[in-house]
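Text of my_file-v1.txt, listed as compact mmCIF, C-alpha atoms:
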# COMPACT_ATOMS: atom_id res chain seq x y z
CA MET M 1192 0.00 0.00 0.00
CA ARG M 1193 1.32 3.43 -0.95
CA PRO M 1194 1.95 6.06 1.75
CA ARG M 1195 -0.95 8.51 2.11
CA ILE M 1196 -0.66 12.30 2.29
CA PHE M 1197 -3.43 14.68 3.43
CA ILE M 1198 -3.20 18.39 2.53
CA ALA M 1199 -5.58 21.10 3.80
CA ILE M 1200 -6.06 24.68 2.59
CA HIS M 1201 -8.86 27.22 3.04
CA TYR M 1202 -9.69 27.83 -0.66
CA LEU M 1203 -7.91 28.21 -4.00
CA GLU M 1204 -8.32 31.88 -4.78
CA ILE M 1205 -5.52 33.56 -6.72
CA GLY M 1206 -2.59 34.11 -4.38
CA GLY M 1207 1.05 33.30 -3.76
CA ALA M 1208 0.49 30.56 -1.17
CA GLU M 1209 -2.16 28.98 -3.36
CA ARG M 1210 0.19 28.98 -6.36
CA SER M 1211 2.86 27.47 -4.13
CA LEU M 1212 0.43 24.68 -3.23
CA LEU M 1213 -0.18 23.98 -6.92
CA GLY M 1214 3.58 23.69 -7.35
CA LEU M 1215 3.68 21.14 -4.53
CA LEU M 1216 0.74 19.15 -5.93
CA ASN M 1217 2.36 18.99 -9.37
CA ALA M 1218 5.71 17.95 -7.91
CA ILE M 1219 4.52 15.04 -5.73
CA ASP M 1220 5.07 11.64 -7.34
CA THR M 1221 1.52 10.26 -7.29
CA LEU M 1222 2.80 6.88 -8.51
CA ARG M 1223 4.52 6.56 -5.13
CA TYR M 1224 2.09 8.44 -2.88
CA ASP M 1225 -1.70 8.76 -2.61
CA VAL M 1226 -2.60 12.42 -2.06
CA ASP M 1227 -5.92 13.75 -0.71
CA LEU M 1228 -6.59 17.49 -0.93
CA PHE M 1229 -9.16 18.97 1.45
CA VAL M 1230 -10.25 22.48 0.46
CA TYR M 1231 -12.54 23.97 3.10
CA ARG M 1232 -14.40 26.06 0.58
CA HIS M 1233 -14.43 25.00 -3.08
CA THR M 1234 -13.96 28.47 -4.53
CA GLY M 1235 -11.25 30.16 -6.54
CA GLU M 1236 -9.83 30.24 -10.03
CA PHE M 1237 -7.16 27.69 -9.11
CA MET M 1238 -9.67 24.90 -8.37
CA SER M 1239 -9.55 23.87 -12.04
CA LEU M 1240 -5.74 23.60 -11.90
CA VAL M 1241 -5.65 20.83 -9.28
CA PRO M 1242 -3.90 17.89 -11.00
CA LYS M 1243 -6.17 14.98 -11.92
CA SER M 1244 -3.86 12.61 -10.06
CA ILE M 1245 -4.78 14.31 -6.76
CA ARG M 1246 -7.99 13.19 -5.03
CA LEU M 1247 -10.03 16.30 -4.23
CA LEU M 1248 -12.18 15.53 -1.19
CA GLU M 1249 -15.77 16.70 -1.11
CA GLU M 1250 -16.57 20.10 0.37
CA ASN M 1251 -18.05 20.03 3.86
CA ARG M 1252 -20.56 22.85 4.35
CA ARG M 1253 -19.62 23.45 7.98
CA TYR M 1254 -15.94 23.80 7.09
CA ALA M 1255 -16.91 26.09 4.23
CA SER M 1256 -18.65 28.35 6.78
CA ILE M 1257 -15.44 29.33 8.59
CA GLU M 1258 -14.76 32.29 6.28
CA THR M 1259 -18.09 32.57 4.46
CA PRO M 1260 -20.02 35.85 4.99
CA MET M 1261 -22.18 35.51 8.10
CA SER M 1262 -25.41 36.19 6.17
CA GLU M 1263 -24.70 33.10 4.07
CA VAL M 1264 -23.82 31.03 7.14
CA LEU M 1265 -27.13 32.10 8.70
CA ARG M 1266 -29.02 30.94 5.61
CA LYS M 1267 -27.40 27.53 6.06
CA GLY M 1268 -28.69 27.49 9.64
CA TYR M 1269 -25.30 27.24 11.36
CA VAL M 1270 -26.15 29.52 14.27
CA ASP M 1271 -23.50 27.91 16.48
CA ILE M 1272 -20.74 28.84 14.03
CA ILE M 1273 -22.02 32.43 13.81
CA LEU M 1274 -22.05 32.75 17.60
CA ALA M 1275 -18.54 31.26 17.81
CA ARG M 1276 -17.21 33.71 15.22
CA LEU M 1277 -18.83 36.66 17.00
CA TRP M 1278 -17.41 35.48 20.34
CA ALA M 1279 -13.96 35.15 18.78
CA LYS M 1280 -14.20 38.63 17.28
CA TRP M 1281 -15.15 40.13 20.65
CA ARG M 1282 -12.34 38.31 22.50
CA CYS M 1283 -9.80 39.40 19.88
CA ARG M 1284 -10.96 43.01 20.16
CA CYS M 1285 -10.51 42.86 23.95
CA TYR M 1286 -7.01 41.39 23.54
CA LYS M 1287 -5.98 44.07 21.05
CA ARG M 1288 -7.35 46.86 23.24
CA LYS M 1289 -5.62 45.49 26.35
CA ASN M 1290 -2.26 45.22 24.55
CA GLY M 1291 -2.54 48.36 22.42
CA LEU M 1292 -2.41 46.46 19.12
CA ARG M 1293 -3.57 47.82 15.77
CA ASP M 1294 -2.74 44.87 13.50
CA GLY M 1295 -5.64 42.47 12.91
CA SER M 1296 -3.65 39.28 12.32
CA SER M 1297 -4.57 37.73 15.68
CA ILE M 1298 -8.26 37.35 14.72
CA PHE M 1299 -7.62 34.21 12.65
CA GLN M 1300 -6.36 32.21 15.61
CA TYR M 1301 -9.26 33.37 17.80
CA VAL M 1302 -11.76 32.25 15.16
CA ALA M 1303 -10.02 28.90 14.69
CA ASN M 1304 -10.01 28.24 18.45
CA ALA M 1305 -13.73 29.01 18.67
CA VAL M 1306 -14.97 27.25 15.54
CA THR M 1307 -12.82 24.10 15.26
CA PRO M 1308 -14.59 22.24 18.13
CA LEU M 1309 -17.87 22.68 16.21
CA LEU M 1310 -16.59 20.97 13.05
CA PRO M 1311 -17.02 17.27 12.25
CA SER M 1312 -14.08 14.89 12.47
CA LEU M 1313 -12.28 13.91 9.26
CA TYR M 1314 -11.30 10.50 10.65
CA LYS M 1315 -13.66 8.87 8.12
CA TYR M 1316 -10.90 9.27 5.53
CA GLY M 1317 -8.68 6.94 7.54
CA GLU M 1318 -5.14 7.35 8.81
CA TYR M 1319 -2.52 9.22 6.78
CA ASP M 1320 1.24 8.87 6.87
CA LEU M 1321 1.59 12.67 6.72
CA ALA M 1322 -0.97 15.46 7.15
CA ILE M 1323 -0.08 18.94 5.89
CA SER M 1324 -1.75 22.15 7.07
CA PHE M 1325 -0.76 24.60 4.36
CA LEU M 1326 -2.08 27.90 5.76
CA THR M 1327 -2.61 29.31 9.24
CA PRO M 1328 -4.43 28.87 11.51
CA HIS M 1329 -3.53 25.20 11.86
CA ASN M 1330 -6.16 23.91 14.32
CA ILE M 1331 -8.12 21.76 11.86
CA VAL M 1332 -5.39 19.35 10.74
CA LEU M 1333 -4.21 19.16 14.35
CA ASP M 1334 -7.61 18.28 15.83
CA LYS M 1335 -9.64 16.71 13.02
CA VAL M 1336 -7.25 14.58 10.95
CA LYS M 1337 -5.75 11.21 11.91
CA ALA M 1338 -2.10 10.98 10.82
CA LYS M 1339 1.19 9.45 11.96
CA LYS M 1340 2.97 12.77 11.42
CA LYS M 1341 1.75 16.33 10.95
CA ILE M 1342 3.42 19.40 9.49
CA ALA M 1343 2.29 23.05 9.49
CA TRP M 1344 3.50 25.67 7.01
CA ILE M 1345 4.77 29.21 7.70
CA HIS M 1346 4.19 31.60 4.78
CA THR M 1347 4.28 34.82 6.81
CA ASP M 1348 7.06 37.12 8.00
CA TYR M 1349 6.23 37.20 11.72
CA SER M 1350 8.28 40.36 12.24
CA THR M 1351 5.53 42.28 10.42
CA ILE M 1352 2.42 41.04 12.24
CA GLN M 1353 1.01 41.13 15.77
CA VAL M 1354 -0.45 37.89 17.12
CA ASN M 1355 -1.39 36.33 20.44
CA ALA M 1356 1.80 34.28 20.73
CA LEU M 1357 0.59 32.18 23.68
CA GLN M 1358 -2.52 31.11 21.77
CA GLU M 1359 -0.60 30.26 18.61
CA LEU M 1360 2.15 28.42 20.50
CA LYS M 1361 -0.42 25.93 21.81
CA VAL M 1362 -1.16 24.96 18.21
CA TRP M 1363 2.27 25.18 16.57
CA GLY M 1364 3.83 23.27 19.46
CA GLN M 1365 1.72 20.15 18.88
CA TYR M 1366 2.94 19.64 15.31
CA ASP M 1367 5.76 17.22 14.54
CA TYR M 1368 7.31 19.61 12.01
CA ILE M 1369 6.98 23.23 10.94
CA ALA M 1370 7.85 24.00 7.31
CA SER M 1371 9.36 27.43 6.66
CA ILE M 1372 9.74 28.87 3.15
CA SER M 1373 13.01 30.76 3.80
CA GLU M 1374 15.75 31.36 6.37
CA GLU M 1375 14.51 34.91 6.97
CA VAL M 1376 10.96 33.70 7.60
CA THR M 1377 12.40 31.14 10.02
CA ASN M 1378 14.41 33.75 11.92
CA ALA M 1379 11.40 36.05 12.31
CA PHE M 1380 9.20 33.14 13.43
CA LEU M 1381 11.72 31.98 16.05
CA LYS M 1382 11.92 35.46 17.57
CA THR M 1383 8.26 34.95 18.49
CA PHE M 1384 8.46 31.20 19.17
CA PRO M 1385 12.09 30.38 20.15
CA SER M 1386 11.10 27.06 21.75
CA LEU M 1387 10.04 25.64 18.37
CA GLU M 1388 13.46 25.73 16.70
CA SER M 1389 13.89 21.94 16.71
CA LYS M 1390 10.68 21.49 14.68
CA ILE M 1391 11.68 23.75 11.76
CA VAL M 1392 12.26 22.25 8.31
CA LEU M 1393 13.22 24.54 5.41
CA ILE M 1394 11.01 23.78 2.38
CA GLU M 1395 10.99 26.55 -0.21
CA ASN M 1396 7.94 27.35 -2.34
CA ILE M 1397 7.98 24.69 -5.06
CA LEU M 1398 7.93 26.08 -8.56
CA SER M 1399 8.22 24.32 -11.93
CA ALA M 1400 10.03 26.36 -14.58
CA VAL M 1401 8.48 24.20 -17.31
CA PHE M 1402 4.96 24.88 -15.97
CA VAL M 1403 5.54 28.66 -15.77
CA ARG M 1404 6.87 28.85 -19.34
CA GLU M 1405 4.06 26.70 -20.69
CA GLN M 1406 1.43 28.85 -18.98
CA ALA M 1407 3.09 32.06 -20.22
CA ALA M 1408 2.77 30.85 -23.81
CA LEU M 1409 -0.95 30.02 -23.61
CA GLN M 1410 -2.34 33.51 -24.15
CA ASP M 1411 -1.64 36.63 -26.21
CA VAL M 1412 -2.17 39.69 -23.98
CA SER M 1413 -0.78 42.31 -26.35
CA ARG M 1414 -4.18 44.02 -26.59
CA GLU M 1415 -4.30 44.52 -22.82
CA MET M 1416 -0.62 45.48 -22.60
CA GLU M 1417 -0.25 47.29 -25.90
CA VAL M 1418 3.26 48.05 -27.12
CA GLU M 1419 3.83 51.80 -27.35
CA LYS M 1420 6.98 53.23 -28.86
CA GLY M 1421 9.30 54.64 -26.21
CA VAL M 1422 7.11 53.45 -23.29
CA LEU M 1423 8.41 50.72 -20.98
CA LYS M 1424 5.91 48.34 -19.46
CA LEU M 1425 6.23 47.66 -15.72
CA CYS M 1426 4.20 44.88 -14.14
CA SER M 1427 3.24 43.85 -10.59
CA VAL M 1428 1.15 40.83 -9.57
CA GLY M 1429 -0.59 40.18 -6.25
CA ARG M 1430 -3.55 40.76 -3.97
CA PHE M 1431 -4.68 44.35 -3.53
CA SER M 1432 -3.81 44.43 0.16
CA TYR M 1433 -1.65 46.42 2.57
CA PRO M 1434 1.41 44.11 2.46
CA LYS M 1435 1.70 44.41 -1.33
CA ASN M 1436 1.93 48.24 -1.21
CA PHE M 1437 0.15 48.68 -4.54
CA ASP M 1438 -1.51 51.82 -3.18
CA ASN M 1439 1.87 53.57 -3.50
CA ILE M 1440 2.47 52.55 -7.12
CA PRO M 1441 0.76 55.69 -8.54
CA SER M 1442 3.09 57.96 -6.53
CA ILE M 1443 6.18 55.95 -7.52
CA CYS M 1444 5.09 55.89 -11.16
CA ARG M 1445 4.56 59.66 -11.23
CA ARG M 1446 8.05 60.25 -9.85
CA ILE M 1447 9.60 57.89 -12.43
CA ILE M 1448 7.92 59.85 -15.22
CA GLU M 1449 9.11 63.13 -13.68
CA ASN M 1450 12.62 61.69 -13.93
CA GLY M 1451 12.18 61.59 -17.69
CA ILE M 1452 11.41 57.87 -18.04
CA SER M 1453 8.21 57.06 -19.96
CA VAL M 1454 6.50 54.05 -18.39
CA LYS M 1455 3.13 52.40 -18.05
CA TRP M 1456 2.60 50.27 -14.95
CA PHE M 1457 0.22 47.28 -15.18
CA ILE M 1458 -1.11 45.66 -12.01
CA VAL M 1459 -2.59 42.15 -12.11
CA GLY M 1460 -4.73 41.17 -9.13
CA TYR M 1461 -7.74 41.94 -6.98
CA GLY M 1462 -8.63 42.62 -3.36
CA GLY M 1463 -9.95 45.00 -0.73
CA ASP M 1464 -7.57 47.87 -1.55
CA GLU M 1465 -8.84 48.33 -5.11
CA ALA M 1466 -10.87 51.48 -4.31
CA LEU M 1467 -7.86 52.96 -2.49
CA ILE M 1468 -5.54 52.23 -5.43
CA ARG M 1469 -7.99 53.76 -7.91
CA ARG M 1470 -8.27 56.87 -5.73
CA ARG M 1471 -4.48 57.18 -5.58
CA ILE M 1472 -4.29 56.83 -9.38
CA GLU M 1473 -6.62 59.83 -9.73
CA GLU M 1474 -4.87 61.87 -7.03
CA GLU M 1475 -1.47 61.38 -8.67
CA GLY M 1476 -2.79 62.07 -12.17
CA MET M 1477 -1.75 58.60 -13.31
CA THR M 1478 -4.94 57.59 -15.14
CA GLY M 1479 -3.82 55.68 -18.22
CA ARG M 1480 -0.32 55.29 -16.78
CA VAL M 1481 -1.18 52.92 -13.93
CA VAL M 1482 -3.56 50.27 -15.26
CA LEU M 1483 -5.46 47.73 -13.17
CA LEU M 1484 -5.90 44.57 -15.24
CA GLY M 1485 -8.00 42.76 -12.63
CA LYS M 1486 -8.03 39.16 -11.45
CA LYS M 1487 -6.24 36.72 -13.76
CA ALA M 1488 -6.09 32.96 -13.17
CA ASN M 1489 -2.99 32.86 -15.37
CA PRO M 1490 -0.74 35.88 -14.70
CA TYR M 1491 2.26 34.51 -16.57
CA PRO M 1492 1.49 35.95 -20.05
CA TYR M 1493 1.34 39.41 -18.43
CA ILE M 1494 4.69 38.96 -16.72
CA LYS M 1495 6.14 37.70 -20.01
CA MET M 1496 4.84 40.79 -21.81
CA CYS M 1497 6.42 43.35 -19.46
CA ASP M 1498 9.84 44.98 -19.70
CA VAL M 1499 10.49 45.11 -15.93
CA TYR M 1500 8.79 43.17 -13.12
CA VAL M 1501 8.39 45.14 -9.87
CA GLN M 1502 7.44 43.78 -6.43
CA PRO M 1503 6.95 46.94 -4.30
CA SER M 1504 5.85 45.12 -1.12
CA ARG M 1505 5.92 46.44 2.43
CA TYR M 1506 6.60 42.86 3.55
CA GLU M 1507 6.64 39.33 2.15
CA GLY M 1508 7.29 35.80 3.29
CA LYS M 1509 8.87 34.89 -0.01
CA ALA M 1510 7.13 36.18 -3.14
CA VAL M 1511 6.48 33.39 -5.64
CA THR M 1512 5.92 35.98 -8.38
CA VAL M 1513 9.54 37.16 -8.19
CA ARG M 1514 10.86 33.70 -9.05
CA GLU M 1515 8.22 33.37 -11.75
CA ALA M 1516 9.45 36.61 -13.34
CA GLN M 1517 13.04 35.35 -13.13
CA ILE M 1518 12.04 32.10 -14.84
CA LEU M 1519 10.59 34.21 -17.66
CA GLY M 1520 13.87 36.13 -17.92
CA LYS M 1521 12.58 39.51 -16.76
CA PRO M 1522 14.66 42.16 -14.97
CA VAL M 1523 13.27 42.22 -11.44
CA VAL M 1524 12.98 45.05 -8.91
CA ILE M 1525 11.92 44.47 -5.31
CA THR M 1526 11.70 46.86 -2.38
CA ALA M 1527 13.81 46.42 0.75
CA PHE M 1528 11.17 44.56 2.80
CA PRO M 1529 12.59 42.61 5.77
CA THR M 1530 13.04 39.31 3.90
CA ALA M 1531 14.25 40.85 0.61
CA GLN M 1532 17.76 39.41 0.88
CA SER M 1533 16.33 35.88 0.72
CA GLN M 1534 14.45 36.72 -2.46
CA LEU M 1535 17.29 37.62 -4.81
CA CYS M 1536 20.96 38.61 -4.98
CA ASP M 1537 21.07 42.40 -5.36
CA GLY M 1538 22.73 43.38 -8.63
CA VAL M 1539 23.03 39.77 -9.81
CA ASP M 1540 19.52 38.48 -10.59
CA GLY M 1541 17.53 41.59 -9.67
CA ILE M 1542 17.86 44.78 -7.67
CA ILE M 1543 16.63 45.88 -4.26
CA VAL M 1544 15.43 49.47 -3.95
CA PRO M 1545 14.42 51.53 -0.88
CA LEU M 1546 10.84 51.21 0.33
CA GLU M 1547 10.25 54.99 0.51
CA ASN M 1548 8.32 56.18 -2.56
CA GLU M 1549 10.69 58.86 -3.84
CA LEU M 1550 13.83 56.81 -3.29
CA ALA M 1551 12.19 53.75 -4.85
CA ALA M 1552 11.14 55.78 -7.89
CA ASP M 1553 14.59 57.31 -8.35
CA SER M 1554 16.25 53.89 -8.07
CA ILE M 1555 13.81 52.29 -10.53
CA ALA M 1556 14.37 55.17 -12.98
CA ASP M 1557 18.14 54.69 -12.72
CA PHE M 1558 17.73 50.95 -13.26
CA ILE M 1559 15.55 51.43 -16.33
CA ALA M 1560 18.09 53.85 -17.79
CA ASP M 1561 20.92 51.37 -17.21
CA VAL M 1562 20.28 49.11 -20.20
CA PRO M 1563 23.54 47.10 -19.85
CA LEU M 1564 22.66 46.22 -16.23
CA ARG M 1565 19.18 45.06 -17.21
CA GLU M 1566 20.58 42.93 -20.01
CA ARG M 1567 23.18 41.45 -17.67
CA LEU M 1568 20.51 40.45 -15.13
CA CYS M 1569 18.36 38.86 -17.85
CA GLU M 1570 21.32 36.90 -19.20
CA TYR M 1571 22.08 35.59 -15.70
CA GLU M 1572 18.46 34.45 -15.33
CA ARG M 1573 18.50 32.71 -18.71
CA ILE M 1574 21.41 30.46 -17.77
CA HIS M 1575 20.20 29.63 -14.24
CA ASP M 1576 17.41 27.29 -13.20
CA TYR M 1577 14.84 28.92 -10.91
CA GLY M 1578 12.68 25.80 -10.71
CA ASN M 1579 13.05 23.70 -7.56
CA GLU M 1580 10.83 20.65 -7.84
CA GLN M 1581 13.49 18.71 -5.91
CA GLU M 1582 12.26 20.41 -2.69
CA VAL M 1583 9.45 17.83 -2.60
CA ARG M 1584 12.04 15.19 -1.64
CA LYS M 1585 12.20 16.80 1.80
CA ILE M 1586 8.56 15.83 2.30
CA TYR M 1587 9.29 12.26 1.23
CA THR M 1588 12.09 12.16 3.80
CA LEU M 1589 9.74 13.27 6.59
CA ILE M 1590 7.37 10.44 5.72
CA GLU M 1591 10.04 7.77 5.50
CA GLN M 1592 12.28 8.65 8.46
Since I need it in another form, could you write the structure as C-alpha cells?
Amino acid sequence: MRPRIFIAIHYLEIGGAERSLLGLLNAIDTLRYDVDLFVYRHTGEFMSLVPKSIRLLEENRRYASIETPMSEVLRKGYVDIILARLWAKWRCRCYKRKNGLRDGSSIFQYVANAVTPLLPSLYKYGEYDLAISFLTPHNIVLDKVKAKKKIAWIHTDYSTIQVNALQELKVWGQYDYIASISEEVTNAFLKTFPSLESKIVLIENILSAVFVREQAALQDVSREMEVEKGVLKLCSVGRFSYPKNFDNIPSICRRIIENGISVKWFIVGYGGDEALIRRRIEEEGMTGRVVLLGKKANPYPYIKMCDVYVQPSRYEGKAVTVREAQILGKPVVITAFPTAQSQLCDGVDGIIVPLENELAADSIADFIADVPLRERLCEYERIHDYGNEQEVRKIYTLIEQ
C-alpha cells in the first residue's frame, strides 16, 4: 500500500500561497504516494488547476462556513458557528485593546479556536502517513485529521504582524514539524516562538520552470498590454492588500515619469484595496499610466509581456511571483522589505530598492536607464534554473524517516 498524504487549505483563490500549493501538488510523485486534498471552501480560479492525479475531497458545508459571509452562514442554519465567530471577534478586540495592538492578524487564531470544536471529524478518511496544514491557523489538521505525522507551514514574515503568541504556540507546538519557506521567515518566526526551533524544516515554495513557461505561452495579452513606442511596461502581480503596497504605485510611477522615463505600470490582481488604489491613481494624475488589469487565473502571459517586473511590497514571506518573473527572464525590482535578501541577490539576478516612494522611484528610474545592467541580469536568469521541484524530496524524507 502506498503512503498517504493529506493536505488542507482554506480555498484556492488567486494568491502566492495557493500557487505554491499547486507547485507542490504537481511535484509530488503520485505513482509513489496517494494524495488527498481537502479544500474547506471550493472556490477560486485555481480549483480547475488541481492535478487529476490528486484526489479532491468533497466540500463540507460546515468547514466552508469558517470564512463565508455571516449572512450566508445564517441561511445555512449554522447559528453555532455564527455565535462562535462573534465570540472570537469580541475576544480578539478585547485582547488588542488590552495590549494596544492595531494589527488584525490575531483574529484568525481566535476564530479557529472558537470554531474548530464545532466541526465534524475527518477520521472517516482513515489514517494518513503525513498530514499537511498549508495555511494558518492550523487547528483543523491538528484536531480533526488522523495521521502518523503532521506538518504546518509558515508563509508569513512574523516580524511584520502582531499575534497572540501564547494562543498560537499551543497549536504550533503540537505539530511534529513546521515548514518554513526561507531562512529569513524562520528567523522572524523563532523570535516569536524560540522554543520551536527543533521542529523547523526549510522547504521553499515549489515552482516548476516548465509549468511557468508553458502557462506564459498560452495567451496573447498584447491588446491589454499594448506596445507603445518609447514606453516601458512595468508589471506587478498580487492581492490588492496592505502588504503588497500597490496603493503607493501611482506615486512611484509619477516620480519615475518626472525623472524623464516614460512608463506604463500594469497591475494584475484583486482585493480589498482596489478602491484605495484607484483613488491614488486619480490623485497622482496617473490615469492611463497605472492600469489595473483585474483578477487573472494565469498571470504569466502578463509577466512575459512586461519589460520590468516590480514587487513593491511592504513585507513578504517569499514572493512566488519574483521567481516566476526570473524564470521568464525579466529584470526584477523588489523593495527592501525585511526578507528581501532571501528573495534575490542584489545586482546579480535583480535589484533591491528603498521602500520609501521617492527613493524607490529614483532607483527604478536609474535601473531602467541602465540598459547594460538590465541585459546582464536577464542573461544571468536565462542560464540559471529557478525551478526547484526537488524540494518535494524533503517531504518524502519526513514520511520515511
Record the distance separating atom CA of M:Lys1341 and atom CA of M:Gln1358, expressed in Å with one decimal.
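Computing it gives 18.8 Å between the two atoms.
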Counting only C-alpha atoms, what is within 12 Å of stretch 1374-1384 of chain M, bar same-chain residues fewer than 2 positions away, as a ChimeraX atom specification?
/M:1344-1364,1369-1372,1386-1395,1506-1510,1528-1534
Compare M:Arg1470, M:Ile1200, M:Cys1285, M:Tyr1301 by their minimum atom-to-atom distance to M:Met1238, counting all atoms listed in the file, and give me the closest one.
M:Ile1200
If you count all atoms listed in the file, which residues fall within 12 Å of M:Lys1337, apart from same-chain ones fewer than 3 positions away, as a VMD selection string?
chain M and resid 1195 to 1197 1312 to 1323 1331 to 1334 1340 to 1341
List every protein, DNA or RNA residue that has at least one atom no more than 12 Å from (-9.9, 38.2, -16.6) in the file's coordinates, counting only C-alpha atoms, and write the result as a CSV table (one decimal) with C-alpha atoms, keeping the file's coordinate frame.
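The file below, selection_38.csv, is the result:
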chain,number,residue,atom,x,y,z
M,1205,ILE,CA,-5.5,33.6,-6.7
M,1236,GLU,CA,-9.8,30.2,-10.0
M,1410,GLN,CA,-2.3,33.5,-24.2
M,1412,VAL,CA,-2.2,39.7,-24.0
M,1415,GLU,CA,-4.3,44.5,-22.8
M,1459,VAL,CA,-2.6,42.2,-12.1
M,1460,GLY,CA,-4.7,41.2,-9.1
M,1461,TYR,CA,-7.7,41.9,-7.0
M,1483,LEU,CA,-5.5,47.7,-13.2
M,1484,LEU,CA,-5.9,44.6,-15.2
M,1485,GLY,CA,-8.0,42.8,-12.6
M,1486,LYS,CA,-8.0,39.2,-11.4
M,1487,LYS,CA,-6.2,36.7,-13.8
M,1488,ALA,CA,-6.1,33.0,-13.2
M,1489,ASN,CA,-3.0,32.9,-15.4
M,1490,PRO,CA,-0.7,35.9,-14.7
M,1493,TYR,CA,1.3,39.4,-18.4
For the atom pair atom CA of M:Phe1237 and atom CA of M:Gln1406, what is the interatomic distance in Å to one decimal place?
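Separation of atom CA of M:Phe1237 and atom CA of M:Gln1406: 13.1 Å.
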Name the residues in contact with stretch 1267-1278 of chain M at a cut-off of 6 Å, using only C-alpha atoms, excluding same-chain residues fewer than 2 positions from it; report them as a list of chain:residue names.
M:Val1264, M:Leu1265, M:Lys1280, M:Trp1281, M:Val1302, M:Ala1305, M:Val1306
